[in-house]
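A.B. asks: Would you mind keeping the following structure in view while I ask a few things?
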Number of protein chains: 2
Amino acid sequence: MPLEIQDSEVDIVIAALQPNLTTFFEAWRPFFSRFHIIVVKDPDMAEDLQIPAGFDLKVYTKSDINGLLGASSSINLSGHSCRYFGYLVSRKKYVISIDDNCLPAKDTAGSTVDVVAQHMANLKTPATPFFFNTLYDPYRKGADFVRGYPFSLREGVECMLSCGLWLHNADYDPMTHVVKRNQRNTTYVDAVMTVPLGAMLPVSGINVAFNRDVLGPAMFPGLRLRNEGKHRWDTLEDIWNGLCAKVVCDSLGYGVKTGLPYVMRSDAEAGKALESLKEWEGVKVMDDVLPFFQSLKLSRTAVTVDDCVKELAGVVREKLGPKNAIFTKAADAMVEWNNLWKVHGAQNA
Amino acid sequence: MPLEIQDSEVDIVIAALQPNLTTFFEAWRPFFSRFHIIVVKDPDMAEDLQIPAGFDLKVYTKSDINGLLGASSSINLSGHSCRYFGYLVSRKKYVISIDDNCLPAKDTAGSTVDVVAQHMANLKTPATPFFFNTLYDPYRKGADFVRGYPFSLREGVECMLSCGLWLHNADYDPMTHVVKRNQRNTTYVDAVMTVPLGAMLPVSGINVAFNRDVLGPAMFPGLRLRNEGKHRWDTLEDIWNGLCAKVVCDSLGYGVKTGLPYVMRSDAEAGKALESLKEWEGVKVMDDVLPFFQSLKLSRTAVTVDDCVKELAGVVREKLGPKNAIFTKAADAMVEWNNLWKVHGAQNA
């Protein structure tokens with residue numbers, strides 16, 4: 001990947017859900033040390049953080065969050081959602097966020113994957129949402145557009161969101177975790193692809209990157225389940241965020257890519273999914289959520305991400321609100337995020 | 001792949017564009033020898049075919065084609081298009097078709113790829129066109145639906161078309177072949193995925209399989225460029241066919257998969273692309289074709305593949321016909337194919 005990446009254009013945002021980040025940071029040191037790192041500590045966690053020296057790093061805690069959001073905020077930033085605070089205080093063009101239980105993966109040739117380089121390649125080369133290229137990302141080395149790909153579409157569009165994947169412990173809901181507790185994801189799929197216009201995907205917050213300058217107003221923690229724990233399988237916050245971001249990108253002619261880079265995800269907690277099973281609201285919620293997003297068309301008068309989020313919040317409130325109070329809360333959080341972004345997020349270095 | 005494949009449910013269809021098929025059949029023997037094979041000889045080729053012994057194989061020639069189509073046919077079965085004749089005379093549920101310049105590929109572990117087993121796995125497991133699964137085909141061993149995938153969609157739908165890929169000599173248009181004459185496709189992407197509802201893809205005829213019982217009426221040679229040669233890059237017949245098949249599958253709630261299996265494609269002819277460059281009509285045609293298919297919605301009253309093809313031919317004639325005579329000819333061929341299928345194709349063993 002010969003793309004040049006400036007230190008000054010990237011922030012790494014890490015949500016700290018565990019106090020000891022020593023292993024995490026030592027493993028990522030070769031890839032993260034040149035960049036500014038924002039660590040957001042889960043506001044529910046009392047213990048002090050352990051972070052090795054030698055990083056350009058700033059830690060944000062509960063008091064920073066409360067100071068910025070105010071007492072009556074409708075945005076809940078506990079658990080995995082705390083990372084969104086990092087998006088708000090970042091001043092860089094691009095943000096990369098990796099869960100604190102992930103370590104670098106190896107590719108099929110045995111080389112350690114540079115997540116930063118791959119995410120930036122995804123974001124800095126065009127996306128192709130209007131026609132599926134069967135040989136995947138045509139801008140990767142050794143690839144191109146296959147026969148039949150209209151020449152008028154070969155310039156592509158700007159990519160705003162890059163969704164990376166994970167090996168070892170897959171990102172399943174609690175039911176699947178319990179049923180397949182010994183199954184590990186071992187298939188390294190050496191591909192990046194643009195998710196086609198109109199197609200929705202479940203974006204996972206485990207390993208993502210985005211163009212903060214443009215997409216920031218749409219990168220919020222909206223949906224929160226009533227009994228949300230500290231595990232990925234307890235949440236849908238990132239799935240909801242991804243659907244919102246995809247609808248906004250589709251409406252404004254931007255691209256979303258998925259595939260590389262991989263991270264290696266720890267399965268230390270995998271056995272605990274059984275506890276979450278009984279009351280997991282997520283299993284029913286998505287049957288309402290997905291058809292809503294699939295049939296959604298934002299108006300042509302919404303020409304900025306900001307406009308789109310405002311409109312989206314309104315439709316969520318009107319169409320989904322009556323079905324479940326969590327959707328009304330999501331709409332409240334989206335409106336508040338949009339306002340917060342104007343004051344705090346929309347500033348550059 | 002533990003799926004059982006009956007010898008009696010699969011035909012292998014090979015279009016013979018070169019007389020000596022010895023290397024081809026010897027290489028494929030371990031995978032093809034249990035199945036019935038239909039060889040359709042390019043009606044323009046005078047030389048006798050050389051095919052090794054030991055296969056359950058039937059060769060169809062120009063006289064068979066003329067006998068079935070009649071003198072005034074609007075369907076042109078010369079060149080790569082001759083394989084469609086094999087679809088018409090097959091009596092099996094599934095058809096697999098591989099170009100005669102392709103040999104078995106090796107997977108990342110060094111094992112020779114069984115194209116039949118992989119295509120049949122693609123066709124016999126469900127497709128998931130309504131939501132993109134970020135870990136690709138959830139029915140593959142070691143995979144499942146990721147968190148956020150609605151449970152109501154996890155049954156999937158029937159897969160009707162399986163599009164395999166190719167290593168070594170990629171399937172480019174003549175322009176790209178000339179510009180990148182030393183580039184070879186070496187990336188083995190170990191994934192199968194459903195192409196989402198509404199998303200179009202350039203289906204290549206190099207390596208495909210389909211459910212003939214259901215999709216047969218939509219597997220026709222429709223579009224023919226005015227100066228069409230004997231090379232893949234000279235044609236758009238398969239691209240057009242794929243767009244038609246995808247629109248029909250989308251309309252009827254069926255799935256289309258792409259990815260595995262790979263074949264190894266010879267580049268013996270790659271240097272000759274320059275000859276096709278000057279007059280290649282394909283470069284302009286797709287800029288009309290793709291927007292047409294993207295905006296197409298077949299009516300709900302078309303409830304069979306047969307209905308859909310009839311309707312599609314009518315819309316092609318009306319909307320695209322005035323732009324270029326090749327589209328009117330395509331519509332004629334589609335109507336004729338539909339009639340031929342009722343008489344000859346719609347018969348089972």
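FYI, nothing fancy with the structure tokens labels: chains A, B, ... in order, residues from 1 per chain, ligands from 1 as they appear.
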Quick one: everything within 6 Å of stretch 81-95 of chain B, counting only C-alpha atoms, minus sequence neighbours fewer than 2 positions away in the same chain. Send it as a PDB file with all heavy atoms, in the first residue's frame.
C.D. replies:
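Dumped everything to out-v7.pdb:
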ATOM      1  N   GLU B   9     -28.443 -35.432 -11.088  1.00  0.00           N
ATOM      2  CA  GLU B   9     -29.035 -34.090 -10.987  1.00  0.00           C
ATOM      3  C   GLU B   9     -28.163 -33.010 -11.623  1.00  0.00           C
ATOM      4  O   GLU B   9     -28.547 -31.841 -11.620  1.00  0.00           O
ATOM      5  CB  GLU B   9     -29.352 -33.739  -9.521  1.00  0.00           C
ATOM      6  CG  GLU B   9     -28.158 -33.689  -8.602  1.00  0.00           C
ATOM      7  CD  GLU B   9     -28.532 -33.423  -7.128  1.00  0.00           C
ATOM      8  OE1 GLU B   9     -29.715 -33.205  -6.828  1.00  0.00           O
ATOM      9  OE2 GLU B   9     -27.613 -33.442  -6.286  1.00  0.00           O
ATOM     10  N   VAL B  10     -27.001 -33.391 -12.156  1.00  0.00           N
ATOM     11  CA  VAL B  10     -26.061 -32.395 -12.692  1.00  0.00           C
ATOM     12  C   VAL B  10     -25.651 -32.724 -14.118  1.00  0.00           C
ATOM     13  O   VAL B  10     -25.284 -33.866 -14.411  1.00  0.00           O
ATOM     14  CB  VAL B  10     -24.782 -32.325 -11.830  1.00  0.00           C
ATOM     15  CG1 VAL B  10     -23.800 -31.298 -12.399  1.00  0.00           C
ATOM     16  CG2 VAL B  10     -25.102 -32.021 -10.377  1.00  0.00           C
ATOM     17  N   ASP B  11     -25.690 -31.721 -15.007  1.00  0.00           N
ATOM     18  CA  ASP B  11     -25.030 -31.800 -16.313  1.00  0.00           C
ATOM     19  C   ASP B  11     -23.890 -30.792 -16.342  1.00  0.00           C
ATOM     20  O   ASP B  11     -24.044 -29.662 -15.856  1.00  0.00           O
ATOM     21  CB  ASP B  11     -26.007 -31.440 -17.449  1.00  0.00           C
ATOM     22  CG  ASP B  11     -26.726 -32.659 -18.015  1.00  0.00           C
ATOM     23  OD1 ASP B  11     -26.273 -33.795 -17.763  1.00  0.00           O
ATOM     24  OD2 ASP B  11     -27.742 -32.460 -18.697  1.00  0.00           O
ATOM     25  N   ILE B  12     -22.774 -31.222 -16.916  1.00  0.00           N
ATOM     26  CA  ILE B  12     -21.671 -30.282 -17.161  1.00  0.00           C
ATOM     27  C   ILE B  12     -21.779 -29.855 -18.622  1.00  0.00           C
ATOM     28  O   ILE B  12     -21.838 -30.721 -19.504  1.00  0.00           O
ATOM     29  CB  ILE B  12     -20.299 -30.960 -16.947  1.00  0.00           C
ATOM     30  CG1 ILE B  12     -20.271 -31.775 -15.652  1.00  0.00           C
ATOM     31  CG2 ILE B  12     -19.167 -29.938 -17.047  1.00  0.00           C
ATOM     32  CD1 ILE B  12     -19.843 -31.086 -14.426  1.00  0.00           C
ATOM     33  N   VAL B  13     -21.833 -28.557 -18.886  1.00  0.00           N
ATOM     34  CA  VAL B  13     -21.943 -28.064 -20.261  1.00  0.00           C
ATOM     35  C   VAL B  13     -20.649 -27.351 -20.642  1.00  0.00           C
ATOM     36  O   VAL B  13     -20.225 -26.409 -19.964  1.00  0.00           O
ATOM     37  CB  VAL B  13     -23.139 -27.105 -20.410  1.00  0.00           C
ATOM     38  CG1 VAL B  13     -23.118 -26.438 -21.793  1.00  0.00           C
ATOM     39  CG2 VAL B  13     -24.456 -27.850 -20.201  1.00  0.00           C
ATOM     40  N   ALA B  15     -18.666 -25.458 -23.803  1.00  0.00           N
ATOM     41  CA  ALA B  15     -18.663 -24.892 -25.148  1.00  0.00           C
ATOM     42  C   ALA B  15     -17.272 -25.101 -25.726  1.00  0.00           C
ATOM     43  O   ALA B  15     -16.291 -24.635 -25.146  1.00  0.00           O
ATOM     44  CB  ALA B  15     -18.988 -23.400 -25.087  1.00  0.00           C
ATOM     45  N   VAL B  40     -20.876 -28.646 -26.596  1.00  0.00           N
ATOM     46  CA  VAL B  40     -21.469 -27.973 -27.751  1.00  0.00           C
ATOM     47  C   VAL B  40     -20.334 -27.359 -28.558  1.00  0.00           C
ATOM     48  O   VAL B  40     -19.580 -26.515 -28.057  1.00  0.00           O
ATOM     49  CB  VAL B  40     -22.471 -26.881 -27.336  1.00  0.00           C
ATOM     50  CG1 VAL B  40     -23.181 -26.341 -28.572  1.00  0.00           C
ATOM     51  CG2 VAL B  40     -23.470 -27.422 -26.322  1.00  0.00           C
ATOM     52  N   ASP B  42     -18.648 -25.043 -31.223  1.00  0.00           N
ATOM     53  CA  ASP B  42     -18.896 -23.759 -31.886  1.00  0.00           C
ATOM     54  C   ASP B  42     -19.271 -24.016 -33.344  1.00  0.00           C
ATOM     55  O   ASP B  42     -18.487 -24.604 -34.094  1.00  0.00           O
ATOM     56  CB  ASP B  42     -17.627 -22.903 -31.800  1.00  0.00           C
ATOM     57  CG  ASP B  42     -17.789 -21.539 -32.474  1.00  0.00           C
ATOM     58  OD1 ASP B  42     -18.880 -21.259 -33.013  1.00  0.00           O
ATOM     59  OD2 ASP B  42     -16.813 -20.762 -32.447  1.00  0.00           O
ATOM     60  N   LEU B  77     -25.916 -18.583 -32.012  1.00  0.00           N
ATOM     61  CA  LEU B  77     -25.224 -19.454 -31.061  1.00  0.00           C
ATOM     62  C   LEU B  77     -23.769 -19.702 -31.434  1.00  0.00           C
ATOM     63  O   LEU B  77     -23.171 -20.680 -30.998  1.00  0.00           O
ATOM     64  CB  LEU B  77     -25.974 -20.786 -30.912  1.00  0.00           C
ATOM     65  CG  LEU B  77     -27.323 -20.720 -30.188  1.00  0.00           C
ATOM     66  CD1 LEU B  77     -27.956 -22.106 -30.120  1.00  0.00           C
ATOM     67  CD2 LEU B  77     -27.173 -20.168 -28.776  1.00  0.00           C
ATOM     68  N   SER B  78     -23.177 -18.803 -32.185  1.00  0.00           N
ATOM     69  CA  SER B  78     -21.767 -19.015 -32.511  1.00  0.00           C
ATOM     70  C   SER B  78     -20.878 -18.463 -31.406  1.00  0.00           C
ATOM     71  O   SER B  78     -21.285 -17.623 -30.613  1.00  0.00           O
ATOM     72  CB  SER B  78     -21.424 -18.377 -33.857  1.00  0.00           C
ATOM     73  OG  SER B  78     -21.372 -16.987 -33.724  1.00  0.00           O
ATOM     74  N   GLY B  79     -19.648 -18.960 -31.353  1.00  0.00           N
ATOM     75  CA  GLY B  79     -18.697 -18.515 -30.331  1.00  0.00           C
ATOM     76  C   GLY B  79     -19.124 -18.968 -28.945  1.00  0.00           C
ATOM     77  O   GLY B  79     -19.730 -20.026 -28.778  1.00  0.00           O
ATOM     78  N   ALA B 209     -22.811 -21.827 -12.551  1.00  0.00           N
ATOM     79  CA  ALA B 209     -23.730 -22.944 -12.344  1.00  0.00           C
ATOM     80  C   ALA B 209     -25.091 -22.370 -11.985  1.00  0.00           C
ATOM     81  O   ALA B 209     -25.173 -21.277 -11.425  1.00  0.00           O
ATOM     82  CB  ALA B 209     -23.220 -23.850 -11.232  1.00  0.00           C
ATOM     83  N   PHE B 210     -26.139 -23.112 -12.312  1.00  0.00           N
ATOM     84  CA  PHE B 210     -27.473 -22.590 -11.997  1.00  0.00           C
ATOM     85  C   PHE B 210     -28.481 -23.722 -11.880  1.00  0.00           C
ATOM     86  O   PHE B 210     -28.230 -24.858 -12.291  1.00  0.00           O
ATOM     87  CB  PHE B 210     -27.918 -21.566 -13.043  1.00  0.00           C
ATOM     88  CG  PHE B 210     -28.030 -22.093 -14.442  1.00  0.00           C
ATOM     89  CD1 PHE B 210     -29.266 -22.490 -14.953  1.00  0.00           C
ATOM     90  CD2 PHE B 210     -26.909 -22.206 -15.253  1.00  0.00           C
ATOM     91  CE1 PHE B 210     -29.370 -22.987 -16.248  1.00  0.00           C
ATOM     92  CE2 PHE B 210     -26.999 -22.704 -16.552  1.00  0.00           C
ATOM     93  CZ  PHE B 210     -28.236 -23.094 -17.044  1.00  0.00           C
ATOM     94  N   ASN B 211     -29.603 -23.396 -11.298  1.00  0.00           N
ATOM     95  CA  ASN B 211     -30.723 -24.317 -11.191  1.00  0.00           C
ATOM     96  C   ASN B 211     -31.496 -24.239 -12.506  1.00  0.00           C
ATOM     97  O   ASN B 211     -32.267 -23.307 -12.733  1.00  0.00           O
ATOM     98  CB  ASN B 211     -31.595 -23.901 -10.004  1.00  0.00           C
ATOM     99  CG  ASN B 211     -32.752 -24.848  -9.787  1.00  0.00           C
ATOM    100  OD1 ASN B 211     -33.373 -25.317 -10.742  1.00  0.00           O
ATOM    101  ND2 ASN B 211     -33.062 -25.121  -8.528  1.00  0.00           N
ATOM    102  N   ARG B 212     -31.265 -25.215 -13.366  1.00  0.00           N
ATOM    103  CA  ARG B 212     -31.841 -25.184 -14.710  1.00  0.00           C
ATOM    104  C   ARG B 212     -33.362 -25.320 -14.682  1.00  0.00           C
ATOM    105  O   ARG B 212     -34.071 -24.683 -15.474  1.00  0.00           O
ATOM    106  CB  ARG B 212     -31.226 -26.319 -15.542  1.00  0.00           C
ATOM    107  CG  ARG B 212     -31.352 -26.166 -17.064  1.00  0.00           C
ATOM    108  CD  ARG B 212     -31.078 -27.496 -17.755  1.00  0.00           C
ATOM    109  NE  ARG B 212     -32.155 -28.421 -17.457  1.00  0.00           N
ATOM    110  CZ  ARG B 212     -33.252 -28.583 -18.225  1.00  0.00           C
ATOM    111  NH1 ARG B 212     -33.369 -27.922 -19.358  1.00  0.00           N
ATOM    112  NH2 ARG B 212     -34.202 -29.428 -17.865  1.00  0.00           N
ATOM    113  N   ASP B 213     -33.854 -26.150 -13.765  1.00  0.00           N
ATOM    114  CA  ASP B 213     -35.300 -26.363 -13.672  1.00  0.00           C
ATOM    115  C   ASP B 213     -36.045 -25.044 -13.506  1.00  0.00           C
ATOM    116  O   ASP B 213     -37.099 -24.837 -14.092  1.00  0.00           O
ATOM    117  CB  ASP B 213     -35.626 -27.231 -12.446  1.00  0.00           C
ATOM    118  CG  ASP B 213     -35.581 -28.713 -12.775  1.00  0.00           C
ATOM    119  OD1 ASP B 213     -35.261 -29.059 -13.930  1.00  0.00           O
ATOM    120  OD2 ASP B 213     -35.855 -29.517 -11.858  1.00  0.00           O
ATOM    121  N   PRO B 221     -28.676 -16.428 -24.600  1.00  0.00           N
ATOM    122  CA  PRO B 221     -27.752 -15.492 -25.228  1.00  0.00           C
ATOM    123  C   PRO B 221     -28.581 -14.392 -25.872  1.00  0.00           C
ATOM    124  O   PRO B 221     -29.164 -14.596 -26.934  1.00  0.00           O
ATOM    125  CB  PRO B 221     -27.050 -16.352 -26.285  1.00  0.00           C
ATOM    126  CG  PRO B 221     -28.060 -17.419 -26.623  1.00  0.00           C
ATOM    127  CD  PRO B 221     -29.034 -17.547 -25.496  1.00  0.00           C
ATOM    128  N   GLY B 345     -36.689 -27.009 -23.556  1.00  0.00           N
ATOM    129  CA  GLY B 345     -35.930 -26.927 -22.316  1.00  0.00           C
ATOM    130  C   GLY B 345     -36.675 -27.459 -21.106  1.00  0.00           C
ATOM    131  O   GLY B 345     -36.082 -28.085 -20.228  1.00  0.00           O
ATOM    132  N   GLN B 347     -38.078 -29.835 -19.959  1.00  0.00           N
ATOM    133  CA  GLN B 347     -38.288 -31.273 -19.827  1.00  0.00           C
ATOM    134  C   GLN B 347     -37.260 -31.800 -18.845  1.00  0.00           C
ATOM    135  O   GLN B 347     -36.109 -31.406 -18.863  1.00  0.00           O
ATOM    136  CB  GLN B 347     -38.088 -31.975 -21.173  1.00  0.00           C
ATOM    137  CG  GLN B 347     -39.125 -31.578 -22.214  1.00  0.00           C
ATOM    138  CD  GLN B 347     -38.797 -32.182 -23.570  1.00  0.00           C
ATOM    139  OE1 GLN B 347     -38.142 -33.218 -23.661  1.00  0.00           O
ATOM    140  NE2 GLN B 347     -39.239 -31.523 -24.621  1.00  0.00           N
ATOM    141  N   ASN B 348     -37.677 -32.687 -17.997  1.00  0.00           N
ATOM    142  CA  ASN B 348     -36.748 -33.277 -17.033  1.00  0.00           C
ATOM    143  C   ASN B 348     -36.459 -34.725 -17.375  1.00  0.00           C
ATOM    144  O   ASN B 348     -37.202 -35.356 -18.123  1.00  0.00           O
ATOM    145  CB  ASN B 348     -37.321 -33.181 -15.629  1.00  0.00           C
ATOM    146  CG  ASN B 348     -37.400 -31.740 -15.199  1.00  0.00           C
ATOM    147  OD1 ASN B 348     -36.516 -30.948 -15.502  1.00  0.00           O
ATOM    148  ND2 ASN B 348     -38.485 -31.389 -14.530  1.00  0.00           N
ATOM    149  N   ALA B 349     -35.372 -35.207 -16.801  1.00  0.00           N
ATOM    150  CA  ALA B 349     -34.969 -36.589 -17.047  1.00  0.00           C
ATOM    151  C   ALA B 349     -36.012 -37.542 -16.494  1.00  0.00           C
ATOM    152  O   ALA B 349     -36.641 -37.279 -15.488  1.00  0.00           O
ATOM    153  CB  ALA B 349     -33.624 -36.847 -16.391  1.00  0.00           C
TER     154      ALA B 349
END
A.B. asks: Please report, as a ChimeraX atom specification, each residue of stretch 105-280 of chain A to which DSSP assigns strand (DSSP E) when run on this structure's backbone.
C.D. replies: /A:159-168,192-194,207-211,255-265
A.B. asks: If you keep N, CA and C atoms, can you produce a file of those selected residues as a CSV table (one decimal), in the first residue's frame?
C.D. replies:
chain,number,residue,atom,x,y,z
A,159,CYS,N,-15.0,7.1,-0.2
A,159,CYS,CA,-15.4,6.1,0.9
A,159,CYS,C,-15.4,6.8,2.2
A,160,MET,N,-16.4,6.7,3.0
A,160,MET,CA,-16.5,7.4,4.3
A,160,MET,C,-16.4,6.5,5.5
A,161,LEU,N,-16.7,5.2,5.3
A,161,LEU,CA,-16.7,4.2,6.4
A,161,LEU,C,-16.0,2.9,6.0
A,162,SER,N,-15.1,2.5,6.8
A,162,SER,CA,-14.3,1.2,6.6
A,162,SER,C,-14.6,0.3,7.7
A,163,CYS,N,-15.2,-0.9,7.4
A,163,CYS,CA,-15.5,-1.8,8.5
A,163,CYS,C,-14.6,-3.0,8.4
A,164,GLY,N,-13.7,-3.1,9.4
A,164,GLY,CA,-12.8,-4.3,9.4
A,164,GLY,C,-13.4,-5.5,10.1
A,165,LEU,N,-12.8,-6.6,10.0
A,165,LEU,CA,-13.3,-7.8,10.6
A,165,LEU,C,-12.4,-8.4,11.7
A,166,TRP,N,-12.7,-9.6,12.1
A,166,TRP,CA,-12.1,-10.2,13.3
A,166,TRP,C,-11.9,-11.7,13.1
A,167,LEU,N,-10.8,-12.2,13.6
A,167,LEU,CA,-10.6,-13.6,13.6
A,167,LEU,C,-10.8,-14.1,15.0
A,168,HIS,N,-10.8,-15.4,15.2
A,168,HIS,CA,-10.8,-16.1,16.4
A,168,HIS,C,-12.3,-16.0,17.0
A,192,VAL,N,-11.4,-6.7,0.1
A,192,VAL,CA,-12.2,-5.5,0.6
A,192,VAL,C,-13.2,-5.3,-0.5
A,193,MET,N,-14.4,-4.9,-0.1
A,193,MET,CA,-15.5,-4.7,-1.1
A,193,MET,C,-16.4,-3.5,-0.6
A,194,THR,N,-16.9,-2.9,-1.6
A,194,THR,CA,-17.9,-1.8,-1.3
A,194,THR,C,-19.3,-2.5,-1.1
A,207,ASN,N,-13.9,-2.9,15.1
A,207,ASN,CA,-12.7,-2.6,14.2
A,207,ASN,C,-13.2,-1.7,13.1
A,208,VAL,N,-13.3,-0.4,13.3
A,208,VAL,CA,-13.9,0.5,12.3
A,208,VAL,C,-13.0,1.7,12.1
A,209,ALA,N,-13.2,2.4,10.9
A,209,ALA,CA,-12.5,3.7,10.7
A,209,ALA,C,-13.5,4.5,9.8
A,210,PHE,N,-13.4,5.8,9.9
A,210,PHE,CA,-14.3,6.6,9.1
A,210,PHE,C,-13.7,8.0,8.9
A,211,ASN,N,-14.2,8.7,8.0
A,211,ASN,CA,-13.9,10.1,7.7
A,211,ASN,C,-14.7,11.0,8.7
A,255,GLY,N,-19.5,6.0,-0.2
A,255,GLY,CA,-19.3,4.6,-0.1
A,255,GLY,C,-19.0,4.1,1.3
A,256,VAL,N,-19.3,2.8,1.5
A,256,VAL,CA,-19.0,2.1,2.7
A,256,VAL,C,-18.3,0.8,2.3
A,257,LYS,N,-17.1,0.5,2.9
A,257,LYS,CA,-16.4,-0.7,2.5
A,257,LYS,C,-16.3,-1.7,3.7
A,258,THR,N,-16.2,-3.0,3.4
A,258,THR,CA,-16.1,-4.0,4.4
A,258,THR,C,-15.1,-5.0,4.0
A,259,GLY,N,-14.5,-5.7,5.0
A,259,GLY,CA,-13.5,-6.7,4.7
A,259,GLY,C,-12.3,-6.5,5.5
A,260,LEU,N,-11.1,-6.4,4.8
A,260,LEU,CA,-9.8,-6.1,5.5
A,260,LEU,C,-9.9,-4.7,6.2
A,261,PRO,N,-9.2,-4.5,7.2
A,261,PRO,CA,-8.2,-5.4,7.9
A,261,PRO,C,-8.9,-6.2,9.0
A,262,TYR,N,-8.2,-7.4,9.3
A,262,TYR,CA,-8.7,-8.2,10.4
A,262,TYR,C,-7.9,-7.8,11.7
A,263,VAL,N,-8.6,-8.0,12.8
A,263,VAL,CA,-7.9,-8.0,14.1
A,263,VAL,C,-8.2,-9.4,14.7
A,264,MET,N,-7.3,-9.8,15.7
A,264,MET,CA,-7.5,-11.0,16.4
A,264,MET,C,-8.3,-10.7,17.7
A,265,ARG,N,-9.5,-11.3,17.8
A,265,ARG,CA,-10.3,-10.9,19.0
A,265,ARG,C,-10.2,-12.0,20.1
A.B. asks: Give me, as a list in words, all polymer residues having an atom no more than 8 Å from B:Lys58, counting only C-alpha atoms and skipping those fewer than 5 positions away in the same chain.
C.D. replies: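 Counting only C-alpha atoms, the residues come to Ile37, Ile38 and Val39 of chain B.
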A.B. asks: Give me a file of those residues, with N, CA, C and O atoms, as an mmCIF file, in the first residue's frame.
C.D. replies:
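Once everything was written out, this is part_17.cif:
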data_model
loop_
_atom_site.group_PDB
_atom_site.id
_atom_site.type_symbol
_atom_site.label_atom_id
_atom_site.label_comp_id
_atom_site.auth_asym_id
_atom_site.auth_seq_id
_atom_site.Cartn_x
_atom_site.Cartn_y
_atom_site.Cartn_z
ATOM 1 N N ILE B 37 -21.838 -35.189 -19.490
ATOM 2 C CA ILE B 37 -21.240 -33.961 -20.031
ATOM 3 C C ILE B 37 -21.832 -33.665 -21.401
ATOM 4 O O ILE B 37 -21.952 -34.550 -22.248
ATOM 5 N N ILE B 38 -22.221 -32.420 -21.575
ATOM 6 C CA ILE B 38 -22.730 -31.959 -22.869
ATOM 7 C C ILE B 38 -21.676 -31.045 -23.477
ATOM 8 O O ILE B 38 -21.336 -30.024 -22.883
ATOM 9 N N VAL B 39 -21.140 -31.430 -24.627
ATOM 10 C CA VAL B 39 -20.186 -30.569 -25.328
ATOM 11 C C VAL B 39 -20.898 -29.953 -26.524
ATOM 12 O O VAL B 39 -21.491 -30.674 -27.332
#
A.B. asks: Within 7 Å of chain B, which residues of chain A show up? Give each one with its shortest atom-to-atom distance in Å (one decimal) and the two atoms involved, counting only C-alpha atoms, rows by chain then rising residue number, as JSON lines.
C.D. replies:
{"residue": "A:Phe131", "atom": "CA", "partner": "B:Met200", "partner_atom": "CA", "distance": 5.6}
{"residue": "A:Phe132", "atom": "CA", "partner": "B:Leu201", "partner_atom": "CA", "distance": 4.8}
{"residue": "A:Asn133", "atom": "CA", "partner": "B:Leu201", "partner_atom": "CA", "distance": 6.5}
{"residue": "A:Thr134", "atom": "CA", "partner": "B:Leu201", "partner_atom": "CA", "distance": 6.9}
{"residue": "A:Gly142", "atom": "CA", "partner": "B:Asn185", "partner_atom": "CA", "distance": 6.2}
{"residue": "A:Ala143", "atom": "CA", "partner": "B:Asn185", "partner_atom": "CA", "distance": 6.8}
{"residue": "A:Val146", "atom": "CA", "partner": "B:Tyr172", "partner_atom": "CA", "distance": 4.8}
{"residue": "A:Arg147", "atom": "CA", "partner": "B:Tyr172", "partner_atom": "CA", "distance": 4.4}
{"residue": "A:Gly148", "atom": "CA", "partner": "B:Pro202", "partner_atom": "CA", "distance": 5.7}
{"residue": "A:Tyr149", "atom": "CA", "partner": "B:Pro202", "partner_atom": "CA", "distance": 6.7}
{"residue": "A:Pro150", "atom": "CA", "partner": "B:Met286", "partner_atom": "CA", "distance": 5.2}
{"residue": "A:Phe151", "atom": "CA", "partner": "B:Val283", "partner_atom": "CA", "distance": 6.8}
{"residue": "A:Ser152", "atom": "CA", "partner": "B:Asp287", "partner_atom": "CA", "distance": 6.6}
{"residue": "A:Asp171", "atom": "CA", "partner": "B:Val146", "partner_atom": "CA", "distance": 5.7}
{"residue": "A:Tyr172", "atom": "CA", "partner": "B:Arg147", "partner_atom": "CA", "distance": 4.4}
{"residue": "A:Asp173", "atom": "CA", "partner": "B:Arg147", "partner_atom": "CA", "distance": 4.4}
{"residue": "A:Gln183", "atom": "CA", "partner": "B:Gly142", "partner_atom": "CA", "distance": 6.5}
{"residue": "A:Arg184", "atom": "CA", "partner": "B:Gly142", "partner_atom": "CA", "distance": 6.9}
{"residue": "A:Asn185", "atom": "CA", "partner": "B:Gly142", "partner_atom": "CA", "distance": 6.2}
{"residue": "A:Val189", "atom": "CA", "partner": "B:Asp190", "partner_atom": "CA", "distance": 5.2}
{"residue": "A:Asp190", "atom": "CA", "partner": "B:Val189", "partner_atom": "CA", "distance": 5.2}
{"residue": "A:Ala191", "atom": "CA", "partner": "B:Val189", "partner_atom": "CA", "distance": 6.2}
{"residue": "A:Pro196", "atom": "CA", "partner": "B:Ala199", "partner_atom": "CA", "distance": 6.0}
{"residue": "A:Ala199", "atom": "CA", "partner": "B:Pro196", "partner_atom": "CA", "distance": 6.0}
{"residue": "A:Met200", "atom": "CA", "partner": "B:Phe131", "partner_atom": "CA", "distance": 5.6}
{"residue": "A:Leu201", "atom": "CA", "partner": "B:Phe132", "partner_atom": "CA", "distance": 4.8}
{"residue": "A:Pro202", "atom": "CA", "partner": "B:Gly148", "partner_atom": "CA", "distance": 5.8}
{"residue": "A:Trp233", "atom": "CA", "partner": "B:Arg147", "partner_atom": "CA", "distance": 6.9}
{"residue": "A:Leu236", "atom": "CA", "partner": "B:Gly148", "partner_atom": "CA", "distance": 6.9}
{"residue": "A:Ile239", "atom": "CA", "partner": "B:Gly148", "partner_atom": "CA", "distance": 6.2}
{"residue": "A:Val283", "atom": "CA", "partner": "B:Phe151", "partner_atom": "CA", "distance": 6.8}
{"residue": "A:Met286", "atom": "CA", "partner": "B:Pro150", "partner_atom": "CA", "distance": 5.2}
{"residue": "A:Asp287", "atom": "CA", "partner": "B:Pro150", "partner_atom": "CA", "distance": 5.5}
